[in-house]
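Chemist: Have a look at the structure that comes next, please.
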Amino acid sequence: MLPRSLNLPMVAEIDTEAEGGALTRAVRVKFRYRADDPYAVVLDFATGVDDWVRWTLARDLLAQGLHAGAGEGDVLIGPDGEAPGRVWITVSSPTGTARFAFRRADLAAALAKTQALVPPGSESVRIDWDRELALLGGEAA
């Protein structure tokens with residue numbers, strides 16, 4: 001039986017220069033996925049020993065970003081034009097922007113595991129729509 005969720009450790013490199021400066025240090029990352037929230041991938045970035053910053057992004061956006069630039073606004077994902085084995089994920093908030101370089105193979109392997117849990121196109125059957133509607137304050141028909 002397949003698990004209902006994934007929690008995969010990864011490492012990314014943070015770029016402290018917004019204009020594409022040198023990679024400065026490794027950052028621990030937790031790649032999370034839950035079959036009951038099938039459209040989302042969660043990336044937790046370590047900011048200290050026990051401190052984490054969480055970003056939730058669309059699984060489809062991650063899949064698109066492995067091959068070509070994808071996203072707009074707060075999350076941008078795309079392959080590195082000079083290093084094909086690397087993918088950049090850029091996240092922005094009112095407090096700033098951070099750019100992380102991931103090994104493409106690591107992201108592709110994690111994405112494949114999510115697709116084994118919930119094949120693309122079958123996401124909507126995994127969602128408890130009555131529960132979601134109740135959270136919004138409505139009731140099912």
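Here, A, B, ... name the chains of the structure tokens in the order displayed, residue numbers run from 1 inside each chain, and ligands are numbered from 1 in the same displayed order.
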Residues of region 55-99 of chain A in alpha helix (DSSP H) according to DSSP, as a PyMOL selection string?
Modeler: chain A and resi 59-65
Chemist: Each residue of region 22-45 of chain A with at least one atom at most 12 Å from region 102-106 of chain A should appear once, together with its nearest atom pair and the corresponding distance in Å (one decimal); atoms considered: only C-alpha atoms; ordering: chain, then increasing residue number; output as JSON lines.
Modeler:
```
{"residue": "A:Leu23", "atom": "CA", "partner": "A:Phe102", "partner_atom": "CA", "distance": 11.4}
{"residue": "A:Ala26", "atom": "CA", "partner": "A:Phe102", "partner_atom": "CA", "distance": 10.1}
{"residue": "A:Val27", "atom": "CA", "partner": "A:Phe102", "partner_atom": "CA", "distance": 10.1}
{"residue": "A:Arg28", "atom": "CA", "partner": "A:Phe102", "partner_atom": "CA", "distance": 10.9}
{"residue": "A:Val29", "atom": "CA", "partner": "A:Phe102", "partner_atom": "CA", "distance": 9.8}
{"residue": "A:Lys30", "atom": "CA", "partner": "A:Asp106", "partner_atom": "CA", "distance": 11.8}
{"residue": "A:Phe31", "atom": "CA", "partner": "A:Asp106", "partner_atom": "CA", "distance": 10.1}
{"residue": "A:Leu43", "atom": "CA", "partner": "A:Phe102", "partner_atom": "CA", "distance": 11.7}
```
Chemist: Selection from above, N, CA, C and O atoms, as a PDB file, in the first residue's frame, can you write it?
Modeler:
```pdb
ATOM      1  N   LEU A  23      26.351  31.517  -5.253  1.00  0.00           N
ATOM      2  CA  LEU A  23      25.662  30.701  -4.261  1.00  0.00           C
ATOM      3  C   LEU A  23      26.479  30.731  -2.991  1.00  0.00           C
ATOM      4  O   LEU A  23      27.694  30.583  -3.019  1.00  0.00           O
ATOM      5  N   ALA A  26      24.374  26.109   1.751  1.00  0.00           N
ATOM      6  CA  ALA A  26      23.336  25.089   1.645  1.00  0.00           C
ATOM      7  C   ALA A  26      22.219  25.387   2.643  1.00  0.00           C
ATOM      8  O   ALA A  26      22.464  25.919   3.729  1.00  0.00           O
ATOM      9  N   VAL A  27      21.003  25.028   2.263  1.00  0.00           N
ATOM     10  CA  VAL A  27      19.830  25.215   3.104  1.00  0.00           C
ATOM     11  C   VAL A  27      19.072  23.894   3.136  1.00  0.00           C
ATOM     12  O   VAL A  27      18.814  23.292   2.090  1.00  0.00           O
ATOM     13  N   ARG A  28      18.716  23.457   4.336  1.00  0.00           N
ATOM     14  CA  ARG A  28      17.894  22.249   4.463  1.00  0.00           C
ATOM     15  C   ARG A  28      16.474  22.571   4.006  1.00  0.00           C
ATOM     16  O   ARG A  28      15.937  23.630   4.315  1.00  0.00           O
ATOM     17  N   VAL A  29      15.884  21.626   3.286  1.00  0.00           N
ATOM     18  CA  VAL A  29      14.531  21.784   2.774  1.00  0.00           C
ATOM     19  C   VAL A  29      13.769  20.489   3.026  1.00  0.00           C
ATOM     20  O   VAL A  29      14.321  19.401   2.888  1.00  0.00           O
ATOM     21  N   LYS A  30      12.517  20.632   3.428  1.00  0.00           N
ATOM     22  CA  LYS A  30      11.623  19.481   3.529  1.00  0.00           C
ATOM     23  C   LYS A  30      10.600  19.610   2.411  1.00  0.00           C
ATOM     24  O   LYS A  30       9.895  20.603   2.314  1.00  0.00           O
ATOM     25  N   PHE A  31      10.548  18.599   1.569  1.00  0.00           N
ATOM     26  CA  PHE A  31       9.572  18.525   0.487  1.00  0.00           C
ATOM     27  C   PHE A  31       8.408  17.705   1.007  1.00  0.00           C
ATOM     28  O   PHE A  31       8.577  16.544   1.374  1.00  0.00           O
ATOM     29  N   LEU A  43       7.115  23.270   0.503  1.00  0.00           N
ATOM     30  CA  LEU A  43       8.558  23.314   0.732  1.00  0.00           C
ATOM     31  C   LEU A  43       8.801  24.080   2.015  1.00  0.00           C
ATOM     32  O   LEU A  43       8.398  25.243   2.136  1.00  0.00           O
TER      33      LEU A  43
END
```
Chemist: Choose the residue, out of A:Arg86, A:Arg99, A:Lys113, A:Arg25, that has the smallest atom-to-atom separation from Arg59 (chain A); count only C-alpha atoms.
Modeler: A:Lys113
Chemist: List the spatial neighbours of region 35-42 of chain A as a list in words - criterion: any atom at most 7 Å away, only C-alpha atoms, same-chain residues fewer than 5 positions off excluded.
Modeler: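 The contact residues come out as Arg4, Ser5, Arg54, Trp55, Thr56, Leu57, Ala58, Arg59, Leu117, Val118, Glu123, Arg126 and Ile127 of chain A.
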Chemist: Using N, CA, C and O atoms, can you write the selected residues to a file as a PDB file, in the first residue's frame?
Modeler:
```
ATOM      1  N   ARG A   4       0.175   7.834   2.296  1.00  0.00           N
ATOM      2  CA  ARG A   4      -0.751   8.921   2.002  1.00  0.00           C
ATOM      3  C   ARG A   4      -0.058  10.269   1.936  1.00  0.00           C
ATOM      4  O   ARG A   4      -0.653  11.265   1.564  1.00  0.00           O
ATOM      5  N   SER A   5       1.219  10.299   2.334  1.00  0.00           N
ATOM      6  CA  SER A   5       1.953  11.564   2.315  1.00  0.00           C
ATOM      7  C   SER A   5       3.435  11.294   2.113  1.00  0.00           C
ATOM      8  O   SER A   5       3.898  10.168   2.281  1.00  0.00           O
ATOM      9  N   ARG A  54       7.679  28.239   5.415  1.00  0.00           N
ATOM     10  CA  ARG A  54       6.909  27.339   4.555  1.00  0.00           C
ATOM     11  C   ARG A  54       6.378  28.076   3.330  1.00  0.00           C
ATOM     12  O   ARG A  54       5.825  29.156   3.435  1.00  0.00           O
ATOM     13  N   TRP A  55       6.551  27.437   2.187  1.00  0.00           N
ATOM     14  CA  TRP A  55       5.959  27.914   0.934  1.00  0.00           C
ATOM     15  C   TRP A  55       5.162  26.772   0.335  1.00  0.00           C
ATOM     16  O   TRP A  55       5.647  25.647   0.213  1.00  0.00           O
ATOM     17  N   THR A  56       3.929  27.067  -0.039  1.00  0.00           N
ATOM     18  CA  THR A  56       3.076  26.093  -0.697  1.00  0.00           C
ATOM     19  C   THR A  56       2.936  26.514  -2.150  1.00  0.00           C
ATOM     20  O   THR A  56       2.651  27.672  -2.436  1.00  0.00           O
ATOM     21  N   LEU A  57       3.167  25.562  -3.053  1.00  0.00           N
ATOM     22  CA  LEU A  57       3.041  25.869  -4.469  1.00  0.00           C
ATOM     23  C   LEU A  57       2.296  24.759  -5.188  1.00  0.00           C
ATOM     24  O   LEU A  57       2.155  23.648  -4.663  1.00  0.00           O
ATOM     25  N   ALA A  58       1.807  25.055  -6.352  1.00  0.00           N
ATOM     26  CA  ALA A  58       1.057  24.073  -7.130  1.00  0.00           C
ATOM     27  C   ALA A  58       1.985  22.997  -7.667  1.00  0.00           C
ATOM     28  O   ALA A  58       3.065  23.293  -8.174  1.00  0.00           O
ATOM     29  N   ARG A  59       1.541  21.754  -7.560  1.00  0.00           N
ATOM     30  CA  ARG A  59       2.327  20.639  -8.088  1.00  0.00           C
ATOM     31  C   ARG A  59       2.541  20.810  -9.591  1.00  0.00           C
ATOM     32  O   ARG A  59       3.640  20.565 -10.098  1.00  0.00           O
ATOM     33  N   LEU A 117       1.578   8.585  -5.973  1.00  0.00           N
ATOM     34  CA  LEU A 117       0.503   8.640  -4.969  1.00  0.00           C
ATOM     35  C   LEU A 117      -0.812   9.086  -5.597  1.00  0.00           C
ATOM     36  O   LEU A 117      -1.865   8.505  -5.325  1.00  0.00           O
ATOM     37  N   VAL A 118      -0.747  10.152  -6.398  1.00  0.00           N
ATOM     38  CA  VAL A 118      -1.934  10.717  -7.035  1.00  0.00           C
ATOM     39  C   VAL A 118      -1.562  11.038  -8.480  1.00  0.00           C
ATOM     40  O   VAL A 118      -0.899  12.038  -8.742  1.00  0.00           O
ATOM     41  N   GLU A 123      -6.572  14.204  -9.327  1.00  0.00           N
ATOM     42  CA  GLU A 123      -6.519  14.936  -8.053  1.00  0.00           C
ATOM     43  C   GLU A 123      -7.896  15.171  -7.444  1.00  0.00           C
ATOM     44  O   GLU A 123      -8.089  15.028  -6.232  1.00  0.00           O
ATOM     45  N   ARG A 126      -9.597  12.855  -4.938  1.00  0.00           N
ATOM     46  CA  ARG A 126      -8.949  12.709  -3.629  1.00  0.00           C
ATOM     47  C   ARG A 126      -9.419  13.746  -2.617  1.00  0.00           C
ATOM     48  O   ARG A 126      -9.091  13.666  -1.446  1.00  0.00           O
ATOM     49  N   ILE A 127     -10.150  14.739  -3.062  1.00  0.00           N
ATOM     50  CA  ILE A 127     -10.549  15.832  -2.178  1.00  0.00           C
ATOM     51  C   ILE A 127     -11.911  15.533  -1.563  1.00  0.00           C
ATOM     52  O   ILE A 127     -12.844  15.103  -2.247  1.00  0.00           O
TER      53      ILE A 127
END
```
Chemist: Quick one: DSSP strand (DSSP E or B) residues in region 13-113 of chain A, as a ChimeraX atom specification?
Modeler: /A:13-15,23-34,40-46,52-58,70-72,75-79,86-93,96-103
Chemist: Taking only C-alpha atoms into account, name the residue in A:Asp51, A:Ile89, A:Asn7, A:Leu135 that is nearest to Ala68 (chain A).
Modeler: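 Counting only C-alpha atoms, the residue closest to Ala68 (chain A) is A:Ile89.
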Chemist: A:Leu62, A:Val49, A:Leu76, A:Ile14: which is nearest Ala112 (chain A), counting only C-alpha atoms?
Modeler: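 Comparing A:Leu62, A:Val49, A:Leu76, A:Ile14 against Ala112 (chain A), the winner is A:Leu62.
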Chemist: May I ask which of the residues A:Gly85, A:Pro9, A:Gly96, A:Gly73 is the closest one to Ala46 (chain A), counting only C-alpha atoms?
Modeler: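 Of the candidates, the smallest distance to Ala46 (chain A) is held by A:Pro9.
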Chemist: Which of these residues is nearest to Thr97 (chain A), using only C-alpha atoms: A:Ala83, A:Gly69, A:Asp74, A:Ala110?
Modeler: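 Closest to Thr97 (chain A), using only C-alpha atoms: A:Asp74.
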Chemist: Just how far from CA of Ala101 (chain A) is CA of Ile77 (chain A), in Å to one decimal?
Modeler: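 Going from CA of Ile77 (chain A) over to CA of Ala101 (chain A), I get 9.9 Å.
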